[in-house]
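A short worksheet on the structure shown next.
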Amino acid sequence: MKTINIISKITFTFILSTLAFNCSDLDEVVKDEVIGGQTSNPESAIAAAYGQLADGTFTDHGSVFGLQEYPTDECMLPTRGSDWGDGGKWRDLTEFTWGTTNAQVTGTWNALNSGITKTLIAIESLQENPNYANYDLFMAEAKALLILYVYNTLDLFNQAPYRDLFSDDKSLVFLQADTEIDNLISDLEAIIPNLADLGEQQTYNGRFTKQAAYALLADMYLNRAVFKDRYNTSSSFNFTETAVDNNGTDMDKVIYYSTLLINDRFSLESNYFDNFALSNSNGSEIIFAVIQENDNIRRSDNDFAYMSTGRAQKQTPDNRGTNGSNVGPEFYKTWEGNHDDPRFHRYYQYADGTWFMNDGTTTSVPAEDIRPDTGKPLVHFNRGLQVGQQYGPTLDGKGGFNMTADGRIAISKLYMEKNTTIPMDYTPEMNFNNPSEAILTQDQINAGVRNFKWEFDPENGNGNSAVDIPLYRLGGIYCMRAEAYFRKGETGLALADINKLRTSRTREALFDNAPGVALETLDDVTLYNEIGFEMYWEMYRRKQMIRFNTYDKAYTAKAATQPYLRVFAIPQSTIDVTDGIEQNFGYN
């Protein structure tokens, strides 16, 4: 792509007409820009480029999250009786039947291309204002964001649209992952000097800093071998290829960039779930995040918590979940023998000492917390994986919770809201009547372990959230370095990194704040599982499964598949209106 040379010549007209094609919300794509060939001031344009991260792209369960998680063994969204049928678009992702017309695949393609568009608009705006304050910093951030959007597009779709202004006719070209990955790496490495250190020049973890660049470079180098040989039938990727700058190998670069971050100011949270809490802004692990505010001004999204919560699991009398996504049976099984891992589950303790045990022994909790915008009492559910019979507050029919005589919130056995004869008993098993179809009957809607890793934000309804979404955090960086060490044959160093993650996390006071237990040995299966324990439901699993040769194998509601399904189809609606684009290999 060579963004440093090309983007200075791109005009707003080219950007809008060639990169945002087929966006259903095209009129809204440039909400912070001035329509008609005039770019807005650079600060507004850059704000729009950052805003696209939060405009569903990396925060909505049906966008990048859906494509990175629903096809994997750790997450699915089955049809549950009368819910989540939606023409099969969710089951398609689990069953690998998405084809060329799946609505979620199309929506993700459009969202990422909107991100490319908005970053190019920001770059054009800066080019027209060379004396703008902080020009070099803003230009570097815009270029880095462009690389981030293009990288994610290439990862999911194997190609990304681009206007090649060095060709004779300036024709629209489609960047290919196998060749473009090296350009992306070179371009990002070149702009690092102009990026700020985190905390300098008013930057924070929602801005693209040097540290964010190191994390993205580690990610790109870790997956470079896959990009270069996507359809390798044996998954024997060359992870030790010489690096782009001929200095060491890909894995050496992963180790180099991850070590820069590990030796930086970041530190692992002892309470693992603090990384995903309402209070996670400026968290000690977060390197680069999508910033969310629950202010109804800029879009935010509660999906990562809302989707897995049952409809009868009510944080306040006015809130509920939607009984949607669940943990896949194969992934849950990997936790056998590790249920005492601090990342598996965490009980909540109220200020008066009450623990919410969620086993029938806790019959009430204090009404000490309220939903800020309504003043109604708030219940805190436990965090992590929820399995078995669930308990919680019930409604009194008058707009409130059932209460005890002494003013506490009564806790009762819960039943499924859409079929009140069925206990809310979350089962690890997913016994579909047709094993190849992720369809549950109305009598099976309680099936599947639920994930409360992300804290539910009850303010302003069920859809908004102030929980920042980490795209890169220190725990993931340790995972990258451990994998790189392992692929280089340095198993002892890989084990040390995995044990750093395990022992830095501690359990709650109920278990005397005990740290996780260190491992004595490490093999490829254990490493694979440990990465899953650290990174589940963080848009990481699909890439991990491809690297470890598990993505093509059969698992629940999914038969063994061919390598072409490692990437998604270019939407047919784009193929139909775009000259020169070719469908990805394997798709009709």
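By convention in this document, the chains of the structure tokens carry letters A, B, ... by their order, each chain's residues are numbered from 1, and ligands are numbered from 1 in the order they are shown.
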
Closest-contact table, segment 462-579 of chain A side, partner segment 59-66 of chain A, 12 Å, counting only C-alpha atoms, as a tab-separated table:
```
residue	atom	partner	partner_atom	distance
A:Gly463	CA	A:Asp60	CA	10.0
A:Asn464	CA	A:Thr59	CA	10.5
A:Ser465	CA	A:Thr59	CA	9.9
A:Ala466	CA	A:Thr59	CA	11.4
A:Val467	CA	A:Thr59	CA	10.1
A:Asp468	CA	A:Thr59	CA	9.2
A:Ile469	CA	A:Thr59	CA	7.0
A:Pro470	CA	A:Thr59	CA	10.0
A:Leu471	CA	A:Thr59	CA	10.2
A:Tyr536	CA	A:Phe65	CA	11.3
A:Trp537	CA	A:Phe65	CA	8.0
A:Glu538	CA	A:Phe65	CA	7.5
A:Met539	CA	A:Phe65	CA	5.3
A:Tyr540	CA	A:Phe65	CA	8.9
A:Arg541	CA	A:Phe65	CA	10.0
A:Arg542	CA	A:Phe65	CA	10.0
A:Phe568	CA	A:Val64	CA	11.6
```

Output for the residues just chosen: N, CA, C and O atoms as a PDB file, in the first residue's frame:
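The resulting file, again06.pdb, is reproduced below:
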```pdb
ATOM      1  N   GLY A 463     -28.657  -1.100  25.877  1.00  0.00           N
ATOM      2  CA  GLY A 463     -27.819  -1.070  24.688  1.00  0.00           C
ATOM      3  C   GLY A 463     -26.536  -0.288  24.805  1.00  0.00           C
ATOM      4  O   GLY A 463     -25.622  -0.486  24.018  1.00  0.00           O
ATOM      5  N   ASN A 464     -26.438   0.637  25.769  1.00  0.00           N
ATOM      6  CA  ASN A 464     -25.266   1.497  25.878  1.00  0.00           C
ATOM      7  C   ASN A 464     -24.318   0.994  26.949  1.00  0.00           C
ATOM      8  O   ASN A 464     -24.712   0.266  27.860  1.00  0.00           O
ATOM      9  N   SER A 465     -23.055   1.427  26.877  1.00  0.00           N
ATOM     10  CA  SER A 465     -22.076   0.975  27.858  1.00  0.00           C
ATOM     11  C   SER A 465     -20.929   1.965  27.957  1.00  0.00           C
ATOM     12  O   SER A 465     -20.546   2.598  26.965  1.00  0.00           O
ATOM     13  N   ALA A 466     -20.380   2.077  29.154  1.00  0.00           N
ATOM     14  CA  ALA A 466     -19.176   2.872  29.384  1.00  0.00           C
ATOM     15  C   ALA A 466     -17.944   1.983  29.534  1.00  0.00           C
ATOM     16  O   ALA A 466     -16.880   2.467  29.933  1.00  0.00           O
ATOM     17  N   VAL A 467     -18.070   0.707  29.228  1.00  0.00           N
ATOM     18  CA  VAL A 467     -16.923  -0.199  29.300  1.00  0.00           C
ATOM     19  C   VAL A 467     -16.078  -0.016  28.043  1.00  0.00           C
ATOM     20  O   VAL A 467     -16.558  -0.212  26.922  1.00  0.00           O
ATOM     21  N   ASP A 468     -14.823   0.380  28.217  1.00  0.00           N
ATOM     22  CA  ASP A 468     -13.920   0.486  27.077  1.00  0.00           C
ATOM     23  C   ASP A 468     -13.592  -0.919  26.558  1.00  0.00           C
ATOM     24  O   ASP A 468     -13.503  -1.878  27.337  1.00  0.00           O
ATOM     25  N   ILE A 469     -13.399  -1.033  25.255  1.00  0.00           N
ATOM     26  CA  ILE A 469     -13.116  -2.325  24.625  1.00  0.00           C
ATOM     27  C   ILE A 469     -11.630  -2.387  24.275  1.00  0.00           C
ATOM     28  O   ILE A 469     -11.180  -1.750  23.319  1.00  0.00           O
ATOM     29  N   PRO A 470     -10.831  -3.129  25.044  1.00  0.00           N
ATOM     30  CA  PRO A 470      -9.394  -3.215  24.719  1.00  0.00           C
ATOM     31  C   PRO A 470      -9.173  -3.955  23.400  1.00  0.00           C
ATOM     32  O   PRO A 470      -9.638  -5.082  23.232  1.00  0.00           O
ATOM     33  N   LEU A 471      -8.484  -3.315  22.481  1.00  0.00           N
ATOM     34  CA  LEU A 471      -8.048  -4.012  21.271  1.00  0.00           C
ATOM     35  C   LEU A 471      -6.672  -4.642  21.500  1.00  0.00           C
ATOM     36  O   LEU A 471      -6.364  -5.677  20.911  1.00  0.00           O
ATOM     37  N   TYR A 536     -10.280 -15.207  25.825  1.00  0.00           N
ATOM     38  CA  TYR A 536     -11.585 -15.588  25.307  1.00  0.00           C
ATOM     39  C   TYR A 536     -12.514 -14.391  25.140  1.00  0.00           C
ATOM     40  O   TYR A 536     -12.552 -13.477  25.935  1.00  0.00           O
ATOM     41  N   TRP A 537     -13.246 -14.397  24.025  1.00  0.00           N
ATOM     42  CA  TRP A 537     -14.233 -13.383  23.655  1.00  0.00           C
ATOM     43  C   TRP A 537     -13.601 -11.991  23.520  1.00  0.00           C
ATOM     44  O   TRP A 537     -14.212 -10.986  23.838  1.00  0.00           O
ATOM     45  N   GLU A 538     -12.376 -11.940  22.987  1.00  0.00           N
ATOM     46  CA  GLU A 538     -11.720 -10.657  22.745  1.00  0.00           C
ATOM     47  C   GLU A 538     -11.316 -10.498  21.284  1.00  0.00           C
ATOM     48  O   GLU A 538     -10.332  -9.823  20.970  1.00  0.00           O
ATOM     49  N   MET A 539     -12.057 -11.147  20.372  1.00  0.00           N
ATOM     50  CA  MET A 539     -11.795 -11.020  18.935  1.00  0.00           C
ATOM     51  C   MET A 539     -10.414 -11.548  18.556  1.00  0.00           C
ATOM     52  O   MET A 539      -9.757 -11.041  17.653  1.00  0.00           O
ATOM     53  N   TYR A 540      -9.997 -12.604  19.242  1.00  0.00           N
ATOM     54  CA  TYR A 540      -8.658 -13.184  19.076  1.00  0.00           C
ATOM     55  C   TYR A 540      -8.694 -14.630  18.582  1.00  0.00           C
ATOM     56  O   TYR A 540      -7.755 -15.094  17.938  1.00  0.00           O
ATOM     57  N   ARG A 541      -9.802 -15.328  18.848  1.00  0.00           N
ATOM     58  CA  ARG A 541      -9.812 -16.790  18.722  1.00  0.00           C
ATOM     59  C   ARG A 541      -9.662 -17.283  17.287  1.00  0.00           C
ATOM     60  O   ARG A 541      -8.956 -18.268  17.031  1.00  0.00           O
ATOM     61  N   ARG A 542     -10.336 -16.638  16.318  1.00  0.00           N
ATOM     62  CA  ARG A 542     -10.275 -17.129  14.947  1.00  0.00           C
ATOM     63  C   ARG A 542      -8.833 -17.169  14.451  1.00  0.00           C
ATOM     64  O   ARG A 542      -8.374 -18.159  13.877  1.00  0.00           O
ATOM     65  N   PHE A 568     -13.538 -14.707   4.749  1.00  0.00           N
ATOM     66  CA  PHE A 568     -14.935 -14.553   4.371  1.00  0.00           C
ATOM     67  C   PHE A 568     -15.049 -14.106   2.921  1.00  0.00           C
ATOM     68  O   PHE A 568     -14.096 -13.608   2.323  1.00  0.00           O
TER      69      PHE A 568
END
```

Asn431 of chain A surroundings by only C-alpha atoms, 12 Å radius, close-in-sequence under 3 positions cut, as a list in words: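 These residues fall inside the cut-off: Pro78, Gly328, Pro329, Thr427, Pro428, Asn434, Pro435, Ser436, Glu437, Ala438, Ile439, Leu440, Thr441, Asp443, Gln444, Ile445, Asn446, Ala447, Gly448, Thr556 and Ala557 of chain A.
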
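Using only C-alpha atoms for every distance, the candidate list A:Asp425, A:Asp301, A:Asp219, A:Asp264 yields A:Asp264 as the residue closest to Glu285 of chain A.
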
I'd like the neighbourhood of Thr503 of chain A as a ChimeraX atom specification, where a residue qualifies if any of its atoms comes within 7 Å (using only C-alpha atoms), though same-chain residues fewer than 5 positions away should be ignored. /A:515-518

Print the selection's residues with N, CA and C atoms to a file, as a compact mmCIF listing (two decimals), in the first residue's frame.
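The result, written out as again_24.txt:
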```
# COMPACT_ATOMS: atom_id res chain seq x y z
N PRO A 515 -3.37 -16.73 44.45
CA PRO A 515 -2.96 -16.56 43.06
C PRO A 515 -3.21 -17.83 42.26
N GLY A 516 -3.26 -17.68 40.95
CA GLY A 516 -3.35 -18.85 40.10
C GLY A 516 -2.12 -19.73 40.25
N VAL A 517 -2.26 -20.99 39.88
CA VAL A 517 -1.20 -21.98 40.09
C VAL A 517 -0.32 -22.08 38.84
N ALA A 518 0.97 -22.05 39.03
CA ALA A 518 1.92 -22.15 37.92
C ALA A 518 1.92 -23.55 37.33
```

Identify, with DSSP run on backbone atoms, the residues in segment 136-180 of chain A assigned to strand (DSSP E), and express the list as number ranges by chain. A: 159-163, 172-176

Show me, as a JSON list (two decimals) with N, CA and C atoms, in the first residue's frame, the residues that have an atom within 12 Å of Glu95 of chain A when counting only C-alpha atoms, minus same-chain residues fewer than 3 positions from it.
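So the final result, stored in result-v2.json, reads:
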```json
[["chain", "number", "residue", "atom", "x", "y", "z"],
["A", 70, "TYR", "N", -17.85, -15.95, 16.49],
["A", 70, "TYR", "CA", -18.94, -16.90, 16.27],
["A", 70, "TYR", "C", -18.55, -18.12, 15.44],
["A", 71, "PRO", "N", -17.57, -18.04, 14.53],
["A", 71, "PRO", "CA", -17.17, -19.27, 13.83],
["A", 71, "PRO", "C", -16.23, -20.16, 14.63],
["A", 72, "THR", "N", -15.87, -19.76, 15.85],
["A", 72, "THR", "CA", -14.87, -20.51, 16.60],
["A", 72, "THR", "C", -15.50, -21.46, 17.60],
["A", 73, "ASP", "N", -14.66, -22.20, 18.30],
["A", 73, "ASP", "CA", -15.14, -23.17, 19.28],
["A", 73, "ASP", "C", -15.47, -22.53, 20.62],
["A", 76, "MET", "N", -20.74, -18.96, 20.25],
["A", 76, "MET", "CA", -21.73, -19.16, 19.19],
["A", 76, "MET", "C", -23.01, -18.43, 19.54],
["A", 77, "LEU", "N", -23.82, -18.18, 18.53],
["A", 77, "LEU", "CA", -25.15, -17.59, 18.72],
["A", 77, "LEU", "C", -26.15, -18.49, 17.99],
["A", 78, "PRO", "N", -26.66, -19.52, 18.68],
["A", 78, "PRO", "CA", -27.60, -20.43, 18.03],
["A", 78, "PRO", "C", -29.00, -19.83, 17.95],
["A", 79, "THR", "N", -29.82, -20.38, 17.10],
["A", 79, "THR", "CA", -31.25, -20.06, 17.12],
["A", 79, "THR", "C", -31.84, -20.70, 18.37],
["A", 88, "GLY", "N", -31.18, -17.09, 9.52],
["A", 88, "GLY", "CA", -30.02, -17.97, 9.60],
["A", 88, "GLY", "C", -28.68, -17.27, 9.60],
["A", 89, "LYS", "N", -28.68, -15.91, 9.66],
["A", 89, "LYS", "CA", -27.42, -15.19, 9.50],
["A", 89, "LYS", "C", -26.45, -15.45, 10.65],
["A", 90, "TRP", "N", -26.97, -15.74, 11.85],
["A", 90, "TRP", "CA", -26.08, -16.04, 12.98],
["A", 90, "TRP", "C", -25.60, -17.49, 12.92],
["A", 91, "ARG", "N", -26.51, -18.40, 12.61],
["A", 91, "ARG", "CA", -26.12, -19.81, 12.50],
["A", 91, "ARG", "C", -25.11, -20.00, 11.38],
["A", 92, "ASP", "N", -25.22, -19.21, 10.32],
["A", 92, "ASP", "CA", -24.26, -19.30, 9.22],
["A", 92, "ASP", "C", -22.83, -19.19, 9.72],
["A", 98, "TRP", "N", -21.89, -19.19, 5.52],
["A", 98, "TRP", "CA", -22.22, -17.78, 5.28],
["A", 98, "TRP", "C", -22.28, -17.40, 3.80],
["A", 99, "GLY", "N", -21.57, -18.07, 2.94],
["A", 99, "GLY", "CA", -21.63, -17.77, 1.51],
["A", 99, "GLY", "C", -21.29, -16.33, 1.19],
["A", 434, "ASN", "N", -30.53, -31.67, 15.23],
["A", 434, "ASN", "CA", -29.73, -31.96, 14.05],
["A", 434, "ASN", "C", -28.32, -31.47, 14.36],
["A", 435, "PRO", "N", -27.36, -32.36, 14.55],
["A", 435, "PRO", "CA", -26.03, -31.96, 14.99],
["A", 435, "PRO", "C", -25.34, -30.95, 14.08],
["A", 436, "SER", "N", -25.76, -30.86, 12.84],
["A", 436, "SER", "CA", -25.12, -29.94, 11.91],
["A", 436, "SER", "C", -25.79, -28.58, 11.85],
["A", 437, "GLU", "N", -26.84, -28.38, 12.66],
["A", 437, "GLU", "CA", -27.55, -27.11, 12.66],
["A", 437, "GLU", "C", -27.66, -26.57, 14.08],
["A", 438, "ALA", "N", -27.24, -25.35, 14.28],
["A", 438, "ALA", "CA", -27.25, -24.73, 15.61],
["A", 438, "ALA", "C", -28.65, -24.18, 15.92],
["A", 439, "ILE", "N", -29.61, -25.10, 16.02],
["A", 439, "ILE", "CA", -31.00, -24.74, 16.28],
["A", 439, "ILE", "C", -31.47, -25.44, 17.55],
["A", 552, "ASP", "N", -10.11, -25.55, 10.88],
["A", 552, "ASP", "CA", -10.71, -26.36, 9.82],
["A", 552, "ASP", "C", -11.36, -27.64, 10.35],
["A", 553, "LYS", "N", -11.11, -27.97, 11.58],
["A", 553, "LYS", "CA", -11.59, -29.23, 12.14],
["A", 553, "LYS", "C", -13.07, -29.13, 12.52],
["A", 554, "ALA", "N", -13.70, -30.28, 12.73],
["A", 554, "ALA", "CA", -15.10, -30.30, 13.14],
["A", 554, "ALA", "C", -15.23, -29.98, 14.62],
["A", 555, "TYR", "N", -16.25, -29.20, 14.96],
["A", 555, "TYR", "CA", -16.65, -29.02, 16.35],
["A", 555, "TYR", "C", -18.14, -28.75, 16.36],
["A", 556, "THR", "N", -18.71, -28.39, 17.49],
["A", 556, "THR", "CA", -20.16, -28.37, 17.65],
["A", 556, "THR", "C", -20.85, -27.58, 16.53],
["A", 557, "ALA", "N", -21.82, -28.25, 15.86],
["A", 557, "ALA", "CA", -22.63, -27.67, 14.78],
["A", 557, "ALA", "C", -21.79, -27.25, 13.59],
["A", 558, "LYS", "N", -20.60, -27.81, 13.46],
["A", 558, "LYS", "CA", -19.71, -27.42, 12.37],
["A", 558, "LYS", "C", -18.93, -28.64, 11.90],
["A", 559, "ALA", "N", -19.07, -28.99, 10.62],
["A", 559, "ALA", "CA", -18.31, -30.10, 10.05],
["A", 559, "ALA", "C", -16.90, -29.64, 9.72],
["A", 560, "ALA", "N", -16.02, -30.57, 9.43],
["A", 560, "ALA", "CA", -14.69, -30.21, 8.94],
["A", 560, "ALA", "C", -14.84, -29.38, 7.67],
["A", 561, "THR", "N", -14.00, -28.36, 7.52],
["A", 561, "THR", "CA", -14.15, -27.42, 6.41],
["A", 561, "THR", "C", -12.85, -27.26, 5.64],
["A", 565, "LEU", "N", -12.36, -21.27, 3.70],
["A", 565, "LEU", "CA", -13.25, -20.65, 4.68],
["A", 565, "LEU", "C", -12.50, -19.98, 5.82]]
```

Extract, using only C-alpha atoms, all DNA, RNA and protein residues at most 10 Å from Gly392 of chain A, discarding same-chain residues fewer than 4 positions from it, and format them as an NGL selection string. :A and (312-315 or 356 or 358-360 or 362-365 or 379-381 or 409-415)

Could you dump the residues just selected with N, CA, C and O atoms as a PDB file, in the first residue's frame?
```pdb
ATOM      1  N   ALA A 312     -34.182 -13.139  32.044  1.00  0.00           N
ATOM      2  CA  ALA A 312     -34.651 -13.045  33.434  1.00  0.00           C
ATOM      3  C   ALA A 312     -33.525 -12.706  34.401  1.00  0.00           C
ATOM      4  O   ALA A 312     -33.758 -12.659  35.612  1.00  0.00           O
ATOM      5  N   GLN A 313     -32.325 -12.495  33.891  1.00  0.00           N
ATOM      6  CA  GLN A 313     -31.227 -12.029  34.740  1.00  0.00           C
ATOM      7  C   GLN A 313     -31.217 -10.506  34.672  1.00  0.00           C
ATOM      8  O   GLN A 313     -30.712  -9.916  33.719  1.00  0.00           O
ATOM      9  N   LYS A 314     -31.775  -9.887  35.674  1.00  0.00           N
ATOM     10  CA  LYS A 314     -32.052  -8.449  35.628  1.00  0.00           C
ATOM     11  C   LYS A 314     -31.155  -7.703  36.617  1.00  0.00           C
ATOM     12  O   LYS A 314     -31.258  -7.884  37.826  1.00  0.00           O
ATOM     13  N   GLN A 315     -30.296  -6.836  36.076  1.00  0.00           N
ATOM     14  CA  GLN A 315     -29.438  -6.028  36.937  1.00  0.00           C
ATOM     15  C   GLN A 315     -30.270  -5.025  37.739  1.00  0.00           C
ATOM     16  O   GLN A 315     -29.981  -4.746  38.896  1.00  0.00           O
ATOM     17  N   PHE A 356     -22.497 -13.056  46.685  1.00  0.00           N
ATOM     18  CA  PHE A 356     -23.541 -13.612  45.822  1.00  0.00           C
ATOM     19  C   PHE A 356     -23.050 -14.971  45.323  1.00  0.00           C
ATOM     20  O   PHE A 356     -22.283 -15.055  44.364  1.00  0.00           O
ATOM     21  N   ASN A 358     -24.791 -17.591  44.130  1.00  0.00           N
ATOM     22  CA  ASN A 358     -25.459 -18.114  42.936  1.00  0.00           C
ATOM     23  C   ASN A 358     -25.660 -19.631  42.995  1.00  0.00           C
ATOM     24  O   ASN A 358     -25.561 -20.322  41.985  1.00  0.00           O
ATOM     25  N   ASP A 359     -25.947 -20.129  44.206  1.00  0.00           N
ATOM     26  CA  ASP A 359     -26.176 -21.565  44.351  1.00  0.00           C
ATOM     27  C   ASP A 359     -27.386 -21.872  45.240  1.00  0.00           C
ATOM     28  O   ASP A 359     -27.596 -23.007  45.643  1.00  0.00           O
ATOM     29  N   GLY A 360     -28.164 -20.849  45.541  1.00  0.00           N
ATOM     30  CA  GLY A 360     -29.331 -21.032  46.386  1.00  0.00           C
ATOM     31  C   GLY A 360     -29.094 -20.705  47.838  1.00  0.00           C
ATOM     32  O   GLY A 360     -30.048 -20.580  48.617  1.00  0.00           O
ATOM     33  N   THR A 362     -27.463 -17.918  48.924  1.00  0.00           N
ATOM     34  CA  THR A 362     -27.617 -16.472  49.094  1.00  0.00           C
ATOM     35  C   THR A 362     -29.072 -16.125  48.800  1.00  0.00           C
ATOM     36  O   THR A 362     -29.508 -16.169  47.648  1.00  0.00           O
ATOM     37  N   THR A 363     -29.832 -15.798  49.832  1.00  0.00           N
ATOM     38  CA  THR A 363     -31.272 -15.562  49.661  1.00  0.00           C
ATOM     39  C   THR A 363     -31.617 -14.085  49.530  1.00  0.00           C
ATOM     40  O   THR A 363     -32.751 -13.747  49.172  1.00  0.00           O
ATOM     41  N   SER A 364     -30.660 -13.209  49.817  1.00  0.00           N
ATOM     42  CA  SER A 364     -30.900 -11.776  49.646  1.00  0.00           C
ATOM     43  C   SER A 364     -29.569 -11.050  49.575  1.00  0.00           C
ATOM     44  O   SER A 364     -28.540 -11.547  50.052  1.00  0.00           O
ATOM     45  N   VAL A 365     -29.592  -9.880  48.945  1.00  0.00           N
ATOM     46  CA  VAL A 365     -28.415  -9.011  48.892  1.00  0.00           C
ATOM     47  C   VAL A 365     -28.852  -7.606  49.261  1.00  0.00           C
ATOM     48  O   VAL A 365     -30.025  -7.239  49.087  1.00  0.00           O
ATOM     49  N   VAL A 379     -28.468  -4.991  41.144  1.00  0.00           N
ATOM     50  CA  VAL A 379     -27.889  -6.271  41.565  1.00  0.00           C
ATOM     51  C   VAL A 379     -26.635  -6.548  40.741  1.00  0.00           C
ATOM     52  O   VAL A 379     -26.620  -6.344  39.524  1.00  0.00           O
ATOM     53  N   HIS A 380     -25.599  -7.017  41.416  1.00  0.00           N
ATOM     54  CA  HIS A 380     -24.348  -7.379  40.738  1.00  0.00           C
ATOM     55  C   HIS A 380     -24.285  -8.888  40.587  1.00  0.00           C
ATOM     56  O   HIS A 380     -24.309  -9.617  41.590  1.00  0.00           O
ATOM     57  N   PHE A 381     -24.206  -9.353  39.362  1.00  0.00           N
ATOM     58  CA  PHE A 381     -24.026 -10.778  39.125  1.00  0.00           C
ATOM     59  C   PHE A 381     -22.532 -11.111  39.161  1.00  0.00           C
ATOM     60  O   PHE A 381     -21.669 -10.237  39.031  1.00  0.00           O
ATOM     61  N   ILE A 409     -32.825  -7.017  48.734  1.00  0.00           N
ATOM     62  CA  ILE A 409     -33.323  -7.583  47.479  1.00  0.00           C
ATOM     63  C   ILE A 409     -33.381  -9.094  47.617  1.00  0.00           C
ATOM     64  O   ILE A 409     -32.358  -9.741  47.911  1.00  0.00           O
ATOM     65  N   ALA A 410     -34.556  -9.658  47.425  1.00  0.00           N
ATOM     66  CA  ALA A 410     -34.719 -11.109  47.537  1.00  0.00           C
ATOM     67  C   ALA A 410     -34.086 -11.798  46.328  1.00  0.00           C
ATOM     68  O   ALA A 410     -34.226 -11.348  45.185  1.00  0.00           O
ATOM     69  N   ILE A 411     -33.404 -12.897  46.580  1.00  0.00           N
ATOM     70  CA  ILE A 411     -32.756 -13.690  45.536  1.00  0.00           C
ATOM     71  C   ILE A 411     -33.449 -15.045  45.457  1.00  0.00           C
ATOM     72  O   ILE A 411     -33.620 -15.728  46.473  1.00  0.00           O
ATOM     73  N   SER A 412     -33.861 -15.419  44.251  1.00  0.00           N
ATOM     74  CA  SER A 412     -34.640 -16.641  44.045  1.00  0.00           C
ATOM     75  C   SER A 412     -34.074 -17.449  42.876  1.00  0.00           C
ATOM     76  O   SER A 412     -33.269 -16.955  42.083  1.00  0.00           O
ATOM     77  N   LYS A 413     -34.528 -18.676  42.773  1.00  0.00           N
ATOM     78  CA  LYS A 413     -34.221 -19.515  41.616  1.00  0.00           C
ATOM     79  C   LYS A 413     -34.848 -18.885  40.379  1.00  0.00           C
ATOM     80  O   LYS A 413     -35.996 -18.456  40.400  1.00  0.00           O
ATOM     81  N   LEU A 414     -34.090 -18.837  39.291  1.00  0.00           N
ATOM     82  CA  LEU A 414     -34.568 -18.194  38.069  1.00  0.00           C
ATOM     83  C   LEU A 414     -35.037 -19.227  37.047  1.00  0.00           C
ATOM     84  O   LEU A 414     -34.534 -20.356  36.997  1.00  0.00           O
ATOM     85  N   TYR A 415     -36.002 -18.782  36.242  1.00  0.00           N
ATOM     86  CA  TYR A 415     -36.545 -19.594  35.149  1.00  0.00           C
ATOM     87  C   TYR A 415     -36.414 -18.800  33.852  1.00  0.00           C
ATOM     88  O   TYR A 415     -36.318 -17.571  33.856  1.00  0.00           O
TER      89      TYR A 415
END
```
